[in-house]
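J.: So here's query.cif (mmCIF, C-alpha atoms).
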```cif
data_final
loop_
_atom_site.group_PDB
_atom_site.id
_atom_site.type_symbol
_atom_site.label_atom_id
_atom_site.label_comp_id
_atom_site.auth_asym_id
_atom_site.auth_seq_id
_atom_site.Cartn_x
_atom_site.Cartn_y
_atom_site.Cartn_z
ATOM 1 C CA MET A 1 15.557 -2.300 -3.467
ATOM 2 C CA ARG A 2 11.926 -2.411 -4.634
ATOM 3 C CA LYS A 3 12.322 1.139 -5.876
ATOM 4 C CA LEU A 4 15.393 0.241 -7.922
ATOM 5 C CA LEU A 5 13.797 -2.896 -9.386
ATOM 6 C CA ALA A 6 10.683 -0.938 -10.302
ATOM 7 C CA VAL A 7 12.745 1.663 -12.097
ATOM 8 C CA VAL A 8 14.808 -0.968 -13.905
ATOM 9 C CA GLY A 9 11.619 -2.749 -14.895
ATOM 10 C CA ALA A 10 10.193 0.457 -16.291
ATOM 11 C CA VAL A 11 13.233 0.894 -18.468
ATOM 12 C CA VAL A 12 13.332 -2.710 -19.624
ATOM 13 C CA THR A 13 9.674 -2.659 -20.580
ATOM 14 C CA GLY A 14 10.019 0.647 -22.362
ATOM 15 C CA LEU A 15 7.932 2.668 -19.954
ATOM 16 C CA ALA A 16 10.660 5.203 -19.331
ATOM 17 C CA VAL A 17 10.754 6.563 -22.867
ATOM 18 C CA ALA A 18 10.912 10.334 -23.080
ATOM 19 C CA ALA A 19 11.646 13.158 -25.478
ATOM 20 C CA GLY A 20 15.121 14.641 -25.289
ATOM 21 C CA ALA A 21 16.542 18.070 -25.850
ATOM 22 C CA GLY A 22 16.754 17.728 -29.617
ATOM 23 C CA PRO A 23 19.735 16.852 -31.819
ATOM 24 C CA ALA A 24 23.115 17.511 -30.220
ATOM 25 C CA ALA A 25 26.021 19.113 -31.999
ATOM 26 C CA ALA A 26 28.797 16.758 -33.062
ATOM 27 C CA ASP A 27 31.019 17.819 -30.170
ATOM 28 C CA GLU A 28 28.233 17.668 -27.560
ATOM 29 C CA LEU A 29 26.763 14.877 -25.498
ATOM 30 C CA PRO A 30 23.085 14.105 -26.141
ATOM 31 C CA VAL A 31 20.789 15.441 -23.435
ATOM 32 C CA GLU A 32 17.576 13.627 -22.545
ATOM 33 C CA PHE A 33 15.340 15.453 -20.095
ATOM 34 C CA ASN A 34 14.037 12.461 -18.203
ATOM 35 C CA PHE A 35 14.707 11.377 -14.625
ATOM 36 C CA PHE A 36 15.168 7.807 -15.880
ATOM 37 C CA ALA A 37 17.806 8.726 -18.471
ATOM 38 C CA GLY A 38 20.621 7.406 -16.271
ATOM 39 C CA ILE A 39 19.165 3.916 -15.847
ATOM 40 C CA GLY A 40 20.288 2.621 -19.243
ATOM 41 C CA PRO A 41 23.912 3.704 -18.707
ATOM 42 C CA GLU A 42 23.886 2.030 -15.275
ATOM 43 C CA LEU A 43 22.712 -1.207 -16.850
ATOM 44 C CA ALA A 44 25.340 -0.935 -19.572
ATOM 45 C CA ASN A 45 28.174 0.055 -17.231
ATOM 46 C CA PRO A 46 27.356 -1.130 -13.695
ATOM 47 C CA GLY A 47 28.918 1.069 -11.058
ATOM 48 C CA GLY A 48 30.535 3.302 -13.657
ATOM 49 C CA SER A 49 30.276 6.985 -14.445
ATOM 50 C CA LEU A 50 28.103 8.705 -17.005
ATOM 51 C CA PRO A 51 29.946 9.963 -20.097
ATOM 52 C CA GLY A 52 31.172 13.452 -19.291
ATOM 53 C CA SER A 53 31.443 12.955 -15.538
ATOM 54 C CA ASN A 54 34.278 12.118 -13.140
ATOM 55 C CA ASP A 55 36.987 13.151 -15.578
ATOM 56 C CA TYR A 56 39.858 13.889 -13.189
ATOM 57 C CA GLY A 57 41.842 15.394 -16.042
ATOM 58 C CA CYS A 58 39.214 18.101 -16.586
ATOM 59 C CA VAL A 59 40.599 21.637 -16.266
ATOM 60 C CA PRO A 60 37.996 24.200 -15.135
ATOM 61 C CA SER A 61 37.577 27.147 -17.492
ATOM 62 C CA PRO A 62 37.802 30.803 -16.426
ATOM 63 C CA THR A 63 34.064 31.064 -17.150
ATOM 64 C CA HIS A 64 33.229 28.102 -14.911
ATOM 65 C CA PRO A 65 36.090 27.818 -12.411
ATOM 66 C CA ASP A 66 34.158 25.712 -9.892
ATOM 67 C CA PRO A 67 33.652 22.008 -10.654
ATOM 68 C CA VAL A 68 30.058 20.859 -10.137
ATOM 69 C CA VAL A 69 29.487 17.941 -7.761
ATOM 70 C CA LEU A 70 26.149 16.138 -8.185
ATOM 71 C CA VAL A 71 24.701 14.580 -5.031
ATOM 72 C CA HIS A 72 21.881 12.078 -5.559
ATOM 73 C CA GLY A 73 18.889 11.271 -3.364
ATOM 74 C CA THR A 74 17.835 8.220 -1.374
ATOM 75 C CA GLY A 75 18.065 5.118 -3.546
ATOM 76 C CA GLY A 76 19.975 6.914 -6.295
ATOM 77 C CA SER A 77 23.506 6.720 -7.621
ATOM 78 C CA GLN A 78 26.031 8.744 -9.592
ATOM 79 C CA GLN A 79 24.468 7.465 -12.810
ATOM 80 C CA THR A 80 20.791 6.777 -12.131
ATOM 81 C CA ASN A 81 19.997 10.193 -10.656
ATOM 82 C CA TRP A 82 21.819 12.387 -13.156
ATOM 83 C CA GLY A 83 21.169 11.166 -16.697
ATOM 84 C CA ALA A 84 19.943 14.617 -17.734
ATOM 85 C CA TYR A 85 22.350 16.756 -15.729
ATOM 86 C CA VAL A 86 25.761 15.306 -16.558
ATOM 87 C CA PRO A 87 25.569 15.924 -20.334
ATOM 88 C CA LEU A 88 23.767 19.246 -19.862
ATOM 89 C CA LEU A 89 26.440 20.617 -17.541
ATOM 90 C CA LYS A 90 29.322 19.118 -19.497
ATOM 91 C CA ASN A 91 28.010 20.702 -22.705
ATOM 92 C CA ALA A 92 27.780 24.025 -20.849
ATOM 93 C CA GLY A 93 31.509 23.851 -20.118
ATOM 94 C CA TYR A 94 31.608 22.598 -16.533
ATOM 95 C CA CYS A 95 33.856 19.962 -15.033
ATOM 96 C CA VAL A 96 31.200 17.562 -13.723
ATOM 97 C CA PHE A 97 31.612 15.048 -10.927
ATOM 98 C CA SER A 98 29.081 12.687 -9.391
ATOM 99 C CA ILE A 99 29.329 10.503 -6.305
ATOM 100 C CA THR A 100 27.488 7.408 -5.131
ATOM 101 C CA TYR A 101 27.365 7.671 -1.352
ATOM 102 C CA GLY A 102 25.765 5.580 1.369
ATOM 103 C CA ALA A 103 25.559 2.402 -0.727
ATOM 104 C CA PRO A 104 25.564 -0.999 1.040
ATOM 105 C CA ALA A 105 29.090 -2.341 1.287
ATOM 106 C CA GLY A 106 30.220 -5.881 0.550
ATOM 107 C CA LEU A 107 27.284 -6.740 -1.714
ATOM 108 C CA PRO A 108 27.193 -7.218 -5.487
ATOM 109 C CA TRP A 109 25.620 -4.959 -8.069
ATOM 110 C CA PRO A 110 22.785 -3.905 -8.423
ATOM 111 C CA VAL A 111 22.617 -3.392 -4.650
ATOM 112 C CA THR A 112 25.690 -1.172 -4.854
ATOM 113 C CA ALA A 113 23.780 1.123 -7.227
ATOM 114 C CA VAL A 114 21.293 1.926 -4.467
ATOM 115 C CA GLY A 115 22.948 4.810 -2.662
ATOM 116 C CA GLY A 116 21.754 7.168 0.036
ATOM 117 C CA MET A 117 20.894 4.305 2.366
ATOM 118 C CA GLY A 118 23.679 4.690 4.915
ATOM 119 C CA GLU A 119 23.837 6.830 8.027
ATOM 120 C CA ILE A 120 23.835 10.400 6.716
ATOM 121 C CA THR A 121 26.697 11.790 8.769
ATOM 122 C CA GLU A 122 28.901 8.997 7.402
ATOM 123 C CA SER A 123 27.675 9.854 3.891
ATOM 124 C CA ALA A 124 28.691 13.454 4.558
ATOM 125 C CA ARG A 125 32.193 12.256 5.417
ATOM 126 C CA GLN A 126 32.270 10.340 2.137
ATOM 127 C CA LEU A 127 31.276 13.524 0.327
ATOM 128 C CA GLY A 128 34.092 15.415 2.054
ATOM 129 C CA VAL A 129 36.674 12.908 0.826
ATOM 130 C CA PHE A 130 35.196 13.082 -2.668
ATOM 131 C CA VAL A 131 35.240 16.899 -2.754
ATOM 132 C CA ASP A 132 38.850 16.973 -1.580
ATOM 133 C CA GLY A 133 39.730 14.625 -4.441
ATOM 134 C CA VAL A 134 37.959 16.847 -6.960
ATOM 135 C CA LEU A 135 39.688 19.977 -5.690
ATOM 136 C CA ALA A 136 43.094 18.305 -5.706
ATOM 137 C CA ALA A 137 42.644 17.004 -9.260
ATOM 138 C CA THR A 138 41.248 20.186 -10.782
ATOM 139 C CA GLY A 139 43.198 22.780 -8.831
ATOM 140 C CA ALA A 140 39.960 24.561 -7.938
ATOM 141 C CA SER A 141 39.463 26.139 -4.524
ATOM 142 C CA GLU A 142 35.707 25.517 -4.325
ATOM 143 C CA VAL A 143 33.007 23.340 -5.843
ATOM 144 C CA ASP A 144 29.363 23.976 -6.625
ATOM 145 C CA ILE A 145 26.886 21.438 -5.245
ATOM 146 C CA VAL A 146 23.725 20.339 -7.046
ATOM 147 C CA GLY A 147 21.703 17.991 -4.861
ATOM 148 C CA HIS A 148 18.390 16.172 -5.098
ATOM 149 C CA SER A 149 16.213 15.049 -2.173
ATOM 150 C CA GLN A 150 18.512 13.636 0.562
ATOM 151 C CA GLY A 151 21.317 15.158 -1.479
ATOM 152 C CA THR A 152 20.000 18.599 -0.539
ATOM 153 C CA VAL A 153 20.626 18.156 3.194
ATOM 154 C CA MET A 154 23.526 15.707 3.454
ATOM 155 C CA PRO A 155 25.973 18.302 2.022
ATOM 156 C CA ALA A 156 24.690 20.793 4.614
ATOM 157 C CA TYR A 157 26.064 18.560 7.360
ATOM 158 C CA TYR A 158 29.393 18.432 5.522
ATOM 159 C CA ALA A 159 29.363 22.219 5.220
ATOM 160 C CA LYS A 160 28.416 22.886 8.841
ATOM 161 C CA TYR A 161 30.303 20.226 10.736
ATOM 162 C CA LEU A 162 32.976 18.608 8.557
ATOM 163 C CA GLY A 163 34.906 21.545 7.181
ATOM 164 C CA GLY A 164 32.997 22.051 3.943
ATOM 165 C CA ARG A 165 31.811 25.616 4.429
ATOM 166 C CA ASP A 166 34.882 27.115 2.741
ATOM 167 C CA LYS A 167 34.864 24.544 -0.076
ATOM 168 C CA ILE A 168 31.357 25.230 -1.445
ATOM 169 C CA ASP A 169 30.516 28.293 -3.525
ATOM 170 C CA LYS A 170 26.984 27.649 -4.833
ATOM 171 C CA TYR A 171 24.554 25.120 -3.360
ATOM 172 C CA VAL A 172 21.572 24.246 -5.562
ATOM 173 C CA SER A 173 18.807 21.999 -4.221
ATOM 174 C CA LEU A 174 16.170 20.118 -6.225
ATOM 175 C CA ALA A 175 13.164 19.037 -4.122
ATOM 176 C CA PRO A 176 14.881 20.492 -1.047
ATOM 177 C CA ALA A 177 14.393 18.554 2.182
ATOM 178 C CA TRP A 178 15.444 21.259 4.626
ATOM 179 C CA ASN A 179 12.872 20.084 7.163
ATOM 180 C CA GLY A 180 12.967 16.366 6.352
ATOM 181 C CA THR A 181 9.863 14.353 5.564
ATOM 182 C CA THR A 182 6.876 12.932 7.438
ATOM 183 C CA VAL A 183 5.483 10.962 4.504
ATOM 184 C CA ALA A 184 4.406 7.339 5.109
ATOM 185 C CA GLY A 185 4.547 7.901 8.845
ATOM 186 C CA ALA A 186 8.296 8.499 8.852
ATOM 187 C CA ASP A 187 8.016 10.769 11.875
ATOM 188 C CA VAL A 188 5.923 8.248 13.840
ATOM 189 C CA ILE A 189 8.212 5.347 12.917
ATOM 190 C CA SER A 190 11.276 7.356 13.831
ATOM 191 C CA GLU A 191 9.864 8.490 17.174
ATOM 192 C CA THR A 192 8.872 4.929 18.047
ATOM 193 C CA ALA A 193 12.325 3.673 17.077
ATOM 194 C CA ARG A 194 14.001 6.330 19.211
ATOM 195 C CA ARG A 195 11.886 5.397 22.214
ATOM 196 C CA LEU A 196 12.925 1.793 21.738
ATOM 197 C CA GLY A 197 16.542 2.847 21.617
ATOM 198 C CA VAL A 198 17.000 1.960 17.940
ATOM 199 C CA GLN A 199 19.831 3.972 16.395
ATOM 200 C CA PRO A 200 19.800 4.924 12.693
ATOM 201 C CA GLU A 201 22.689 2.594 11.923
ATOM 202 C CA ASN A 202 20.618 -0.313 13.299
ATOM 203 C CA PHE A 203 17.469 0.458 11.323
ATOM 204 C CA PRO A 204 16.906 -2.190 8.623
ATOM 205 C CA ILE A 205 18.136 -1.467 5.080
ATOM 206 C CA CYS A 206 17.729 2.335 5.032
ATOM 207 C CA HIS A 207 19.713 3.799 7.907
ATOM 208 C CA ALA A 208 19.203 7.297 6.474
ATOM 209 C CA CYS A 209 15.414 7.046 6.598
ATOM 210 C CA LEU A 210 15.192 7.561 10.356
ATOM 211 C CA GLN A 211 17.367 10.632 10.074
ATOM 212 C CA LEU A 212 15.076 12.368 7.582
ATOM 213 C CA ASP A 213 12.352 12.598 10.230
ATOM 214 C CA PRO A 214 12.052 16.301 11.158
ATOM 215 C CA GLY A 215 12.503 15.426 14.835
ATOM 216 C CA SER A 216 15.695 13.410 14.382
ATOM 217 C CA ALA A 217 19.015 14.475 15.862
ATOM 218 C CA PHE A 218 20.338 14.856 12.316
ATOM 219 C CA MET A 219 17.619 17.284 11.226
ATOM 220 C CA GLN A 220 18.008 19.209 14.473
ATOM 221 C CA ALA A 221 21.699 19.582 13.639
ATOM 222 C CA ILE A 222 20.818 20.852 10.158
ATOM 223 C CA ARG A 223 18.484 23.484 11.666
ATOM 224 C CA ALA A 224 20.843 24.514 14.472
ATOM 225 C CA GLY A 225 21.903 28.106 14.012
ATOM 226 C CA GLY A 226 19.832 28.382 10.837
ATOM 227 C CA HIS A 227 19.794 26.296 7.701
ATOM 228 C CA TYR A 228 22.200 28.468 5.739
ATOM 229 C CA LEU A 229 25.809 29.622 5.973
ATOM 230 C CA PRO A 230 26.687 33.178 4.894
ATOM 231 C CA GLU A 231 29.667 32.052 2.786
ATOM 232 C CA ILE A 232 27.485 29.999 0.423
ATOM 233 C CA GLU A 233 24.964 31.031 -2.249
ATOM 234 C CA TYR A 234 21.822 28.875 -2.025
ATOM 235 C CA THR A 235 19.098 28.194 -4.595
ATOM 236 C CA ASN A 236 16.150 25.986 -3.638
ATOM 237 C CA ILE A 237 14.023 24.633 -6.508
ATOM 238 C CA ALA A 238 10.787 22.977 -5.406
ATOM 239 C CA THR A 239 7.657 21.545 -7.001
ATOM 240 C CA GLN A 240 4.169 22.020 -5.625
ATOM 241 C CA TYR A 241 3.429 18.391 -6.510
ATOM 242 C CA ASP A 242 6.140 16.981 -4.241
ATOM 243 C CA GLU A 243 4.670 13.883 -2.583
ATOM 244 C CA LEU A 244 7.590 13.319 -0.191
ATOM 245 C CA ILE A 245 8.302 16.841 1.058
ATOM 246 C CA VAL A 246 4.936 17.816 2.505
ATOM 247 C CA PRO A 247 4.170 20.638 2.461
ATOM 248 C CA TYR A 248 6.583 21.404 -0.348
ATOM 249 C CA THR A 249 7.086 24.854 1.161
ATOM 250 C CA SER A 250 8.970 23.252 4.071
ATOM 251 C CA GLY A 251 11.875 22.930 1.663
ATOM 252 C CA LEU A 252 11.797 26.650 0.907
ATOM 253 C CA GLN A 253 13.231 27.911 4.152
ATOM 254 C CA PRO A 254 13.625 31.696 4.199
ATOM 255 C CA GLY A 255 17.077 33.209 4.311
ATOM 256 C CA GLY A 256 19.027 36.335 3.549
ATOM 257 C CA SER A 257 20.309 37.801 0.319
ATOM 258 C CA ASN A 258 22.303 34.618 -0.344
ATOM 259 C CA VAL A 259 19.152 32.472 -0.595
ATOM 260 C CA ARG A 260 16.729 32.217 -3.532
ATOM 261 C CA ASN A 261 13.584 30.072 -3.465
ATOM 262 C CA ILE A 262 11.924 28.912 -6.709
ATOM 263 C CA VAL A 263 8.776 26.875 -7.428
ATOM 264 C CA VAL A 264 8.835 25.377 -10.934
ATOM 265 C CA GLN A 265 5.086 25.852 -11.417
ATOM 266 C CA GLU A 266 5.270 29.602 -10.886
ATOM 267 C CA GLY A 267 4.793 30.933 -14.406
ATOM 268 C CA CYS A 268 4.467 27.393 -15.791
ATOM 269 C CA PRO A 269 1.453 25.480 -14.431
ATOM 270 C CA VAL A 270 1.886 22.663 -16.997
ATOM 271 C CA ASP A 271 5.070 21.334 -15.360
ATOM 272 C CA TYR A 272 3.589 18.413 -13.415
ATOM 273 C CA THR A 273 6.852 17.062 -12.052
ATOM 274 C CA GLU A 274 6.895 15.789 -8.484
ATOM 275 C CA HIS A 275 9.692 14.647 -6.167
ATOM 276 C CA ALA A 276 11.554 12.416 -8.635
ATOM 277 C CA GLY A 277 10.540 14.067 -11.894
ATOM 278 C CA ILE A 278 11.884 17.464 -10.935
ATOM 279 C CA ALA A 279 15.372 16.019 -11.552
ATOM 280 C CA GLY A 280 14.313 15.370 -15.157
ATOM 281 C CA SER A 281 12.447 18.609 -15.801
ATOM 282 C CA ARG A 282 13.991 20.857 -18.453
ATOM 283 C CA ARG A 283 12.523 23.888 -16.694
ATOM 284 C CA ALA A 284 14.149 22.957 -13.383
ATOM 285 C CA ALA A 285 17.420 22.261 -15.183
ATOM 286 C CA TYR A 286 17.543 25.759 -16.644
ATOM 287 C CA PHE A 287 16.888 27.225 -13.214
ATOM 288 C CA VAL A 288 19.937 25.214 -12.119
ATOM 289 C CA LEU A 289 22.053 26.548 -14.989
ATOM 290 C CA ASN A 290 21.117 30.106 -14.049
ATOM 291 C CA ALA A 291 21.828 29.488 -10.368
ATOM 292 C CA LEU A 292 25.303 28.210 -11.228
ATOM 293 C CA ASP A 293 26.016 31.079 -13.632
ATOM 294 C CA PRO A 294 23.831 34.055 -12.677
ATOM 295 C CA GLU A 295 25.928 36.431 -14.785
ATOM 296 C CA HIS A 296 24.878 34.657 -17.977
ATOM 297 C CA ARG A 297 21.232 33.840 -17.397
ATOM 298 C CA GLN A 298 19.341 31.953 -20.064
ATOM 299 C CA PRO A 299 15.594 32.019 -20.768
ATOM 300 C CA VAL A 300 13.877 29.341 -18.682
ATOM 301 C CA PRO A 301 11.585 27.158 -20.827
ATOM 302 C CA CYS A 302 8.106 26.022 -19.877
ATOM 303 C CA ASP A 303 7.298 22.473 -20.951
ATOM 304 C CA ARG A 304 4.296 20.289 -20.378
ATOM 305 C CA ALA A 305 6.380 17.961 -18.196
ATOM 306 C CA ALA A 306 5.255 14.564 -16.947
ATOM 307 C CA PRO A 307 5.315 13.446 -13.322
ATOM 308 C CA PHE A 308 7.901 10.829 -12.304
ATOM 309 C CA SER A 309 10.059 11.332 -15.406
ATOM 310 C CA GLY A 310 9.926 15.092 -15.973
ATOM 311 C CA ALA A 311 9.944 14.394 -19.707
ATOM 312 C CA PRO A 312 8.007 16.667 -22.087
ATOM 313 C CA PHE A 313 4.725 15.162 -23.265
#
```
Re-express the file's structure as structure tokens.

T.:
Amino acid sequence: MRKLLAVVGAVVTGLAVAAGAGPAAADELPVEFNFFAGIGPELANPGGSLPGSNDYGCVPSPTHPDPVVLVHGTGGSQQTNWGAYVPLLKNAGYCVFSITYGAPAGLPWPVTAVGGMGEITESARQLGVFVDGVLAATGASEVDIVGHSQGTVMPAYYAKYLGGRDKIDKYVSLAPAWNGTTVAGADVISETARRLGVQPENFPICHACLQLDPGSAFMQAIRAGGHYLPEIEYTNIATQYDELIVPYTSGLQPGGSNVRNIVVQEGCPVDYTEHAGIAGSRRAAYFVLNALDPEHRQPVPCDRAAPFSGAPF
């Protein structure tokens, strides 16, 4: 909750101002490369969808036959996490869908805009229902996943254990958490809780937090048999300044020919984005576009990108 209030406060006080992608064509949505770009729409339309997303009448094109499902991180939502990505992908011709998962139930907004808090296996079940709805509406046989933070590992549980492996084509991860996190003593807290018999669903406020400990049963399940499935094409996009995935290389697990690992600072040392800001970085976004459509690769820009927002400065 403190995280959400801090972000909202930054927007209200004008601290989340960033440069965008330049003027949009008349038939395009404006794109603002800034992690905080989705906060304003959430305030204007609580619990709603960003313009361009969750259009169940969208018909996938032959060029982009797979709808893209955006999966936010801990504390995020279908709007707050994806202010840059929804218009970018929609303008590129994709059918774009975004889910808020793991939000506290039975409470009023803005608490319901704080997703990724619930027990992760239950969140994975929510994702499965959502994906089935997208496939039924669009007539597609598979979706592409773009996830951030917790949203990079929750879909892996869906793929491995809940029937998702044949429903995902490409799986793109921003700030991948393939080995969880030990930041702020998460591993020590989790181990102590386990010894006391505390289950994730009984941990206060953030049930998912215990499960992101590398030693948790959830993370063991993610690692079991290897992180990756051969049917899926994986792209991991990390930042060397990640303050939550430490070391950042733990999110770049090696794999076979269906796995590509990218560090945004390679070839662009002036991108200073960290764990949150990578979801606002224009450079990271173009790596995502190329991962989704490798047959039509675009030049990847190098911006002097700010931490926390990812906005050019």

J.: Evaluate the PyMOL selection byres ((chain A and resi 161) around 12) here and jot the selected residues down as a list of chain:residue names.

T.: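 For this structure, the PyMOL selection byres ((chain A and resi 161) around 12) captures A:Thr121, A:Glu122, A:Ala124, A:Arg125, A:Gly128, A:Met154, A:Pro155, A:Ala156, A:Tyr157, A:Tyr158, A:Ala159, A:Lys160, A:Leu162, A:Gly163, A:Gly164, A:Arg165, A:Asp166, A:Phe218, A:Ala221, A:Ile222, A:Ala224, A:Gly225, A:Leu229.
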
J.: Restricting the calculation to all atoms listed in the file, which member of A:Thr112, A:Pro41, A:Val31, A:Val71 is positioned closest to Ser98 of chain A?

T.: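 Residue with the minimum atom-to-atom distance to Ser98 of chain A: A:Val71.
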
J.: For each of A:Thr182, A:Val172, A:Glu231, A:Thr239, take the minimum atom-to-atom distance to Phe287 of chain A, counting all atoms listed in the file, then give the residue where this is smallest.

T.: A:Val172

J.: Between A:Gly226, A:Pro30, A:Gly139, A:Gly116, which residue has the minimum interatomic distance to Cys58 of chain A, considering all atoms listed in the file?

T.: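 Using all atoms listed in the file, the shortest distance to Cys58 of chain A belongs to A:Gly139.
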
J.: Extract, using all atoms listed in the file, all DNA, RNA and protein residues at most 6 Å from Glu142 of chain A, discarding same-chain residues fewer than 2 positions from it, and format them as a PDB file with C-alpha atoms, in the frame of the given file.

T.:
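out-v2.pdb, written as the output of this step:
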```pdb
ATOM      1  CA  ASP A  66      34.158  25.712  -9.892  1.00  0.00           C
ATOM      2  CA  ALA A 140      39.960  24.561  -7.938  1.00  0.00           C
ATOM      3  CA  LYS A 167      34.864  24.544  -0.076  1.00  0.00           C
ATOM      4  CA  ILE A 168      31.357  25.230  -1.445  1.00  0.00           C
ATOM      5  CA  ASP A 169      30.516  28.293  -3.525  1.00  0.00           C
TER       6      ASP A 169
END
```

J.: Report as a list in words all protein, DNA and RNA residues lying within 7 Å of Gly52 of chain A, evaluated on all atoms listed in the file, omitting residues in the same chain fewer than 5 positions from it.

T.: Val86, Pro87, Lys90 and Val96 of chain A

J.: Find, counting all atoms listed in the file, the residue in A:Pro46, A:Gly215, A:Pro299, A:Pro307 that gets nearest to Tyr286 of chain A.

T.: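 Checking each candidate against Tyr286 of chain A, we get A:Pro299 as the closest.
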
J.: Exactly which residues make up the result of the PyMOL selection byres ((chain A and resi 301) around 10) on this file, given as a count of residues only?

T.: 13

J.: For Phe97 of chain A, please output as a list in words all residues within 8 Å (counting all atoms listed in the file; exclusion window: fewer than 3 positions along the same chain).

T.: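 Answer for this query is Ser53, Asn54, Asp55, Pro67, Val68, Val69, Leu70 and Val134 of chain A.
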
J.: Which residues would end up in the selection if the PyMOL selection byres ((chain A and resi 63) around 12) were applied here, given that I need the answer as a ChimeraX atom specification?

T.: /A:59-62,64-67,92-95,292-296

J.: Take the residues just selected and output them with C-alpha atoms as a PDB file, keeping the file's coordinate frame.

T.:
```
ATOM      1  CA  VAL A  59      40.599  21.637 -16.266  1.00  0.00           C
ATOM      2  CA  PRO A  60      37.996  24.200 -15.135  1.00  0.00           C
ATOM      3  CA  SER A  61      37.577  27.147 -17.492  1.00  0.00           C
ATOM      4  CA  PRO A  62      37.802  30.803 -16.426  1.00  0.00           C
ATOM      5  CA  HIS A  64      33.229  28.102 -14.911  1.00  0.00           C
ATOM      6  CA  PRO A  65      36.090  27.818 -12.411  1.00  0.00           C
ATOM      7  CA  ASP A  66      34.158  25.712  -9.892  1.00  0.00           C
ATOM      8  CA  PRO A  67      33.652  22.008 -10.654  1.00  0.00           C
ATOM      9  CA  ALA A  92      27.780  24.025 -20.849  1.00  0.00           C
ATOM     10  CA  GLY A  93      31.509  23.851 -20.118  1.00  0.00           C
ATOM     11  CA  TYR A  94      31.608  22.598 -16.533  1.00  0.00           C
ATOM     12  CA  CYS A  95      33.856  19.962 -15.033  1.00  0.00           C
ATOM     13  CA  LEU A 292      25.303  28.210 -11.228  1.00  0.00           C
ATOM     14  CA  ASP A 293      26.016  31.079 -13.632  1.00  0.00           C
ATOM     15  CA  PRO A 294      23.831  34.055 -12.677  1.00  0.00           C
ATOM     16  CA  GLU A 295      25.928  36.431 -14.785  1.00  0.00           C
ATOM     17  CA  HIS A 296      24.878  34.657 -17.977  1.00  0.00           C
TER      18      HIS A 296
END
```

J.: Hey, could you pull the box centre and edge lengths for segment 149-157 of chain A, axis-aligned, 6 Å padding per side, all listed atoms, to one decimal in Å, as JSON?

T.:
```
{"center_x": 21.1, "center_y": 17.2, "center_z": 2.6, "size_x": 21.9, "size_y": 19.2, "size_z": 21.5}
```

J.: Which residue, A:Phe308, A:Leu50, A:Arg223, A:Thr80, has the smallest gap to Gly38 of chain A when you use all atoms listed in the file?

T.: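 The answer is A:Thr80, which sits nearest to Gly38 of chain A.
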
J.: Suppose you want the space between atom CA of Thr138 of chain A and atom CA of Leu88 of chain A; what is it in Å?

T.: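 These atoms are spaced 19.7 Å apart.
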
J.: Which distance in Å separates atom CA of Leu252 of chain A and atom CA of Ile39 of chain A, to one decimal?

T.: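 The value is 29.2 Å.
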
J.: Return the single residue from A:Ser141, A:Thr249, A:Ser309, A:Asn290 that is closest to Gly83 of chain A, with distances computed using only C-alpha atoms.

T.: A:Ser309

J.: Between atom CA of Ala276 of chain A and atom CA of Arg297 of chain A, what distance in Å does the model show, to one decimal?

T.: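 Interatomic distance here is 25.1 Å.
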
J.: Determine, counting all atoms listed in the file, which protein, DNA and RNA residues have an atom within 10 Å of an atom of Arg260 of chain A; residues of the same chain fewer than 3 positions away are not included. Present the result as a VMD selection string.

T.: chain A and resid 172 233 to 237 252 to 257 291

J.: Please provide as a list of chain:residue names all residues within 8 Å of Leu212 of chain A, with the sequence filter that same-chain residues fewer than 4 positions apart are discarded (counting all atoms listed in the file).

T.: A:Gln150, A:Gly180, A:Thr181, A:Ala186, A:Ala208, A:Ser216, A:Phe218, A:Met219
